[in-house]
Every structure is written in structure tokens, then in C-alpha cells.
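Visitor: Here it is, the structure in full.
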Amino acid sequence: MIEFDEQQVRAALENAWSYETAKQWSKENPANGQCNVTSAVIHDLFGGEILRTRYPSVWHYYNRIAGKRYDLTDSQFFRLDARFPAPDSYDDELTNCDAAMEGIPQREYDTLKRALLDRLR
């Protein structure tokens with residue numbers, strides 16, 4: 001397991017996300033639509049738990065590592081073409097990789113994991 005450094009991981013993710021990791025990606029808003037696949041990859045690489053918060057029509061996924069919440073895709077709420085506003089509060093509902101990856105192609109997970117590892121090395 002790799003040691004988790006939030007700033008390093010955030011910087012690496014900005015460059016690892018792409019249209020190949022989520023179809024909602026855009027150059028102006030790289031984190032857009034990346035929460036599911038990112039939470040699963042982060043869980044795989046750094047452990048911890050996968051959490052989620054309910055939006056009216058979708059779930060928003062994020063992580064808890066060593067007891068602290070990390071929403072590594074929160075930048076999507078504050079950038080151009082944001083699809084949703086930031087959550088008023090987080091539900092922190094415990095979930096798992098299967099739920100986070102429901103409807104997400106395995107190739108998106110594999111692509112993000114590979115790209116993130118390349119940028120963390």
C-alpha cells in the first residue's frame with residue numbers, strides 16, 4: 001500500500017483524469033463525473049473506506065482514510081460547467097467498491113489507476 005499524501009494525490013489526479021476515465025470529463029473541469037471511479041481507485045491504493053452522499057438523482061462518492069474524510073473530486077463543484085453544487089453536508093454513508101463502480105466500465109477504473117500510479121511515481 002502506498003502512503004497517502006493528500007496534496008500529492010490531488011495534483012496527480014488533476015493530470016490522471018481524462019475522457020477515458022469518465023465521459024463527463026472536460027479540460028475546464030477535469031474532476032467532473034470522476035467521483036465513482038476515483039473513490040474506488042483511491043480505496044484500492046490507500047485503503048480506508050468508501051463513503052457516499054445522496055443527491056436528488058445520483059450518489060456522490062468519496063473516501064475516508066485514517067478516520068478523515070477526503071473528497072478528492074470536490075473541485076468539480078466549483079469549476080466551469082459544474083453539474084451539481086457542492087453538498088450542503090455530507091451523509092458519510094458507508095458503502096463499497098461494487099456500489100461505487102455500478103455502471104462504470106472496468107476500463108475506466110484500469111485507466112485511472114494506471115494513470116494515477118504513473119503520476120505518483
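For the C-alpha cells, the naming scheme is as follows: chains receive sequential letters (A, B, ...) according to their order of presentation, residues are indexed from 1 within each chain, and ligands are indexed from 1 in presentation order.
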For Arg79 (chain A), please output as a short mmCIF file (atom, residue, chain, number, x, y, z; two decimals) with C-alpha atoms, in the first residue's frame all residues within 9 Å (counting only C-alpha atoms; exclusion window: fewer than 4 positions along the same chain).
Guide:
data_model
loop_
_atom_site.label_atom_id
_atom_site.label_comp_id
_atom_site.auth_asym_id
_atom_site.auth_seq_id
_atom_site.Cartn_x
_atom_site.Cartn_y
_atom_site.Cartn_z
CA GLU A 28 -12.17 23.06 -17.85
CA ASN A 29 -13.46 20.67 -15.19
CA ASN A 32 -16.44 16.26 -13.42
CA SER A 75 -13.21 20.67 -7.35
#
Visitor: Wanna dump the region 21-83 of chain A-region 90-102 of chain A contacts at 9 Å for me, each residue with its shortest atom pair and the distance in Å to one decimal, counting only C-alpha atoms, ordered by chain and number, as a tab-separated table?
Guide:
residue	atom	partner	partner_atom	distance
A:Cys35	CA	A:Ala100	CA	8.4
A:Asn36	CA	A:Ala100	CA	5.0
A:Val37	CA	A:Met101	CA	6.4
A:Ser39	CA	A:Ala100	CA	7.3
A:Ala40	CA	A:Cys97	CA	5.4
A:Val41	CA	A:Cys97	CA	8.8
A:His43	CA	A:Cys97	CA	7.9
A:Asp44	CA	A:Cys97	CA	8.7
A:Glu49	CA	A:Leu94	CA	7.2
A:Ile50	CA	A:Thr95	CA	5.6
A:Leu51	CA	A:Leu94	CA	4.7
A:Arg52	CA	A:Glu93	CA	5.2
A:Thr53	CA	A:Asp91	CA	4.9
A:Arg54	CA	A:Asp91	CA	7.3
A:Trp59	CA	A:Ala100	CA	8.6
A:His60	CA	A:Ala100	CA	8.9
A:Tyr61	CA	A:Ala100	CA	6.7
A:Tyr62	CA	A:Asp92	CA	8.7
A:Asn63	CA	A:Asp92	CA	8.9
A:Arg64	CA	A:Asp92	CA	8.8
A:Arg69	CA	A:Asp92	CA	8.4
Visitor: Could you give me, as CSV, every region 12-49 of chain A residue with an atom at most 12 Å from region 80-89 of chain A, plus its closest atom pair and distance in Å to one decimal, counting only C-alpha atoms, rows ordered by chain then number?
Guide:
residue,atom,partner,partner_atom,distance
A:Gln24,CA,A:Arg83,CA,9.3
A:Trp25,CA,A:Asp81,CA,10.2
A:Ser26,CA,A:Asp81,CA,8.7
A:Lys27,CA,A:Leu80,CA,9.8
A:Glu28,CA,A:Leu80,CA,6.2
A:Asn29,CA,A:Leu80,CA,6.2
A:Pro30,CA,A:Leu80,CA,10.1
A:Ala31,CA,A:Ala82,CA,9.5
A:Asn32,CA,A:Ala82,CA,7.0
A:Gly33,CA,A:Arg83,CA,8.5
A:Gln34,CA,A:Arg83,CA,11.9
Visitor: Closest to Asp118 (chain A) among A:Ala16, A:Asp71, A:Phe77, A:Ala66, using only C-alpha atoms?
Guide: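 Comparing A:Ala16, A:Asp71, A:Phe77, A:Ala66 against Asp118 (chain A), the winner is A:Ala16.
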Visitor: For region 9-15 of chain A, please output as a list of chain:residue names all residues within 7 Å (counting only C-alpha atoms; exclusion window: fewer than 6 positions along the same chain).
Guide: A:Pro30, A:Leu72, A:Leu116, A:Arg119, A:Leu120
Visitor: Closest to Gly48 (chain A) among A:Tyr70, A:Tyr109, A:Phe78, A:Tyr19, using only C-alpha atoms?
Guide: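 Comparing A:Tyr70, A:Tyr109, A:Phe78, A:Tyr19 against Gly48 (chain A), the winner is A:Tyr70.
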Visitor: Per DSSP on the backbone, filter chain A down to the residues in strand (DSSP E or B) and report them as a ChimeraX atom specification.
Guide: /A:49-54,59-65,68-70,93-95
Visitor: Would you save the residues of that selection, restricted to C-alpha atoms, as an mmCIF file, in the first residue's frame?
Guide:
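The resulting file, again30.cif, is shown below:
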data_model
loop_
_atom_site.group_PDB
_atom_site.id
_atom_site.type_symbol
_atom_site.label_atom_id
_atom_site.label_comp_id
_atom_site.auth_asym_id
_atom_site.auth_seq_id
_atom_site.Cartn_x
_atom_site.Cartn_y
_atom_site.Cartn_z
ATOM 1 C CA GLU A 49 -13.468 3.310 3.354
ATOM 2 C CA ILE A 50 -15.717 4.452 0.532
ATOM 3 C CA LEU A 51 -18.484 6.836 1.565
ATOM 4 C CA ARG A 52 -21.346 8.424 -0.323
ATOM 5 C CA THR A 53 -23.814 11.289 -0.126
ATOM 6 C CA ARG A 54 -27.206 11.321 -1.864
ATOM 7 C CA TRP A 59 -24.825 9.362 -5.406
ATOM 8 C CA HIS A 60 -21.603 11.284 -4.820
ATOM 9 C CA TYR A 61 -18.694 9.047 -3.746
ATOM 10 C CA TYR A 62 -15.569 9.901 -1.757
ATOM 11 C CA ASN A 63 -13.209 8.322 0.792
ATOM 12 C CA ARG A 64 -12.310 8.164 4.455
ATOM 13 C CA ILE A 65 -8.686 7.344 5.191
ATOM 14 C CA LYS A 68 -10.591 11.622 7.893
ATOM 15 C CA ARG A 69 -12.969 12.386 5.005
ATOM 16 C CA TYR A 70 -11.346 13.140 1.639
ATOM 17 C CA GLU A 93 -22.935 6.660 4.287
ATOM 18 C CA LEU A 94 -20.553 3.699 4.309
ATOM 19 C CA THR A 95 -20.567 1.789 1.021
#
Visitor: I need the residues of chain A that end up classed as alpha helix (DSSP H) by DSSP on the backbone, written out as a PDB file with C-alpha atoms, in the first residue's frame.
Guide:
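So the final result, stored in states16.pdb, reads:
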ATOM      1  CA  GLU A   6      -3.486  14.461   0.029  1.00  0.00           C
ATOM      2  CA  GLN A   7      -1.710  17.266  -1.854  1.00  0.00           C
ATOM      3  CA  GLN A   8       0.363  14.848  -3.916  1.00  0.00           C
ATOM      4  CA  VAL A   9      -2.672  12.706  -4.765  1.00  0.00           C
ATOM      5  CA  ARG A  10      -4.815  15.743  -5.690  1.00  0.00           C
ATOM      6  CA  ALA A  11      -2.107  17.051  -8.020  1.00  0.00           C
ATOM      7  CA  ALA A  12      -1.648  13.638  -9.617  1.00  0.00           C
ATOM      8  CA  LEU A  13      -5.397  13.178 -10.104  1.00  0.00           C
ATOM      9  CA  GLU A  14      -5.721  16.518 -11.938  1.00  0.00           C
ATOM     10  CA  ASN A  15      -3.453  15.066 -14.625  1.00  0.00           C
ATOM     11  CA  ALA A  16      -4.671  11.458 -14.429  1.00  0.00           C
ATOM     12  CA  CYS A  35     -16.195  10.554  -8.152  1.00  0.00           C
ATOM     13  CA  ASN A  36     -17.190   6.895  -8.580  1.00  0.00           C
ATOM     14  CA  VAL A  37     -14.057   5.665 -10.270  1.00  0.00           C
ATOM     15  CA  THR A  38     -11.775   7.881  -8.166  1.00  0.00           C
ATOM     16  CA  SER A  39     -13.200   6.635  -4.869  1.00  0.00           C
ATOM     17  CA  ALA A  40     -12.701   3.025  -5.974  1.00  0.00           C
ATOM     18  CA  VAL A  41      -9.109   3.574  -7.146  1.00  0.00           C
ATOM     19  CA  ILE A  42      -8.193   5.545  -4.003  1.00  0.00           C
ATOM     20  CA  HIS A  43      -9.660   2.768  -1.840  1.00  0.00           C
ATOM     21  CA  ASP A  44      -7.651   0.164  -3.738  1.00  0.00           C
ATOM     22  CA  LEU A  45      -4.373   2.096  -3.459  1.00  0.00           C
ATOM     23  CA  PHE A  46      -4.646   3.631   0.019  1.00  0.00           C
ATOM     24  CA  CYS A  97     -16.343  -0.611  -4.365  1.00  0.00           C
ATOM     25  CA  ASP A  98     -19.128  -2.587  -6.025  1.00  0.00           C
ATOM     26  CA  ALA A  99     -21.648   0.186  -5.342  1.00  0.00           C
ATOM     27  CA  ALA A 100     -19.211   2.896  -6.436  1.00  0.00           C
ATOM     28  CA  GLN A 106     -13.784  -1.620 -15.778  1.00  0.00           C
ATOM     29  CA  ARG A 107     -11.597   0.040 -18.430  1.00  0.00           C
ATOM     30  CA  GLU A 108     -12.238   3.465 -16.807  1.00  0.00           C
ATOM     31  CA  TYR A 109     -11.040   2.096 -13.457  1.00  0.00           C
ATOM     32  CA  ASP A 110      -7.985   0.439 -15.034  1.00  0.00           C
ATOM     33  CA  THR A 111      -7.110   3.595 -16.978  1.00  0.00           C
ATOM     34  CA  LEU A 112      -7.357   5.862 -13.930  1.00  0.00           C
ATOM     35  CA  LYS A 113      -5.406   3.507 -11.685  1.00  0.00           C
ATOM     36  CA  ARG A 114      -2.597   3.205 -14.234  1.00  0.00           C
ATOM     37  CA  ALA A 115      -2.505   6.972 -14.904  1.00  0.00           C
ATOM     38  CA  LEU A 116      -2.538   7.835 -11.196  1.00  0.00           C
ATOM     39  CA  LEU A 117       0.242   5.367 -10.364  1.00  0.00           C
ATOM     40  CA  ASP A 118       2.343   6.766 -13.235  1.00  0.00           C
ATOM     41  CA  ARG A 119       1.965  10.286 -11.855  1.00  0.00           C
ATOM     42  CA  LEU A 120       2.649   9.278  -8.246  1.00  0.00           C
TER      43      LEU A 120
END
Visitor: Quote the spacing between CA of Asp74 (chain A) and CA of Lys23 (chain A) in Å to one decimal place.
Guide: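 Between these atoms lies a distance of 17.3 Å.
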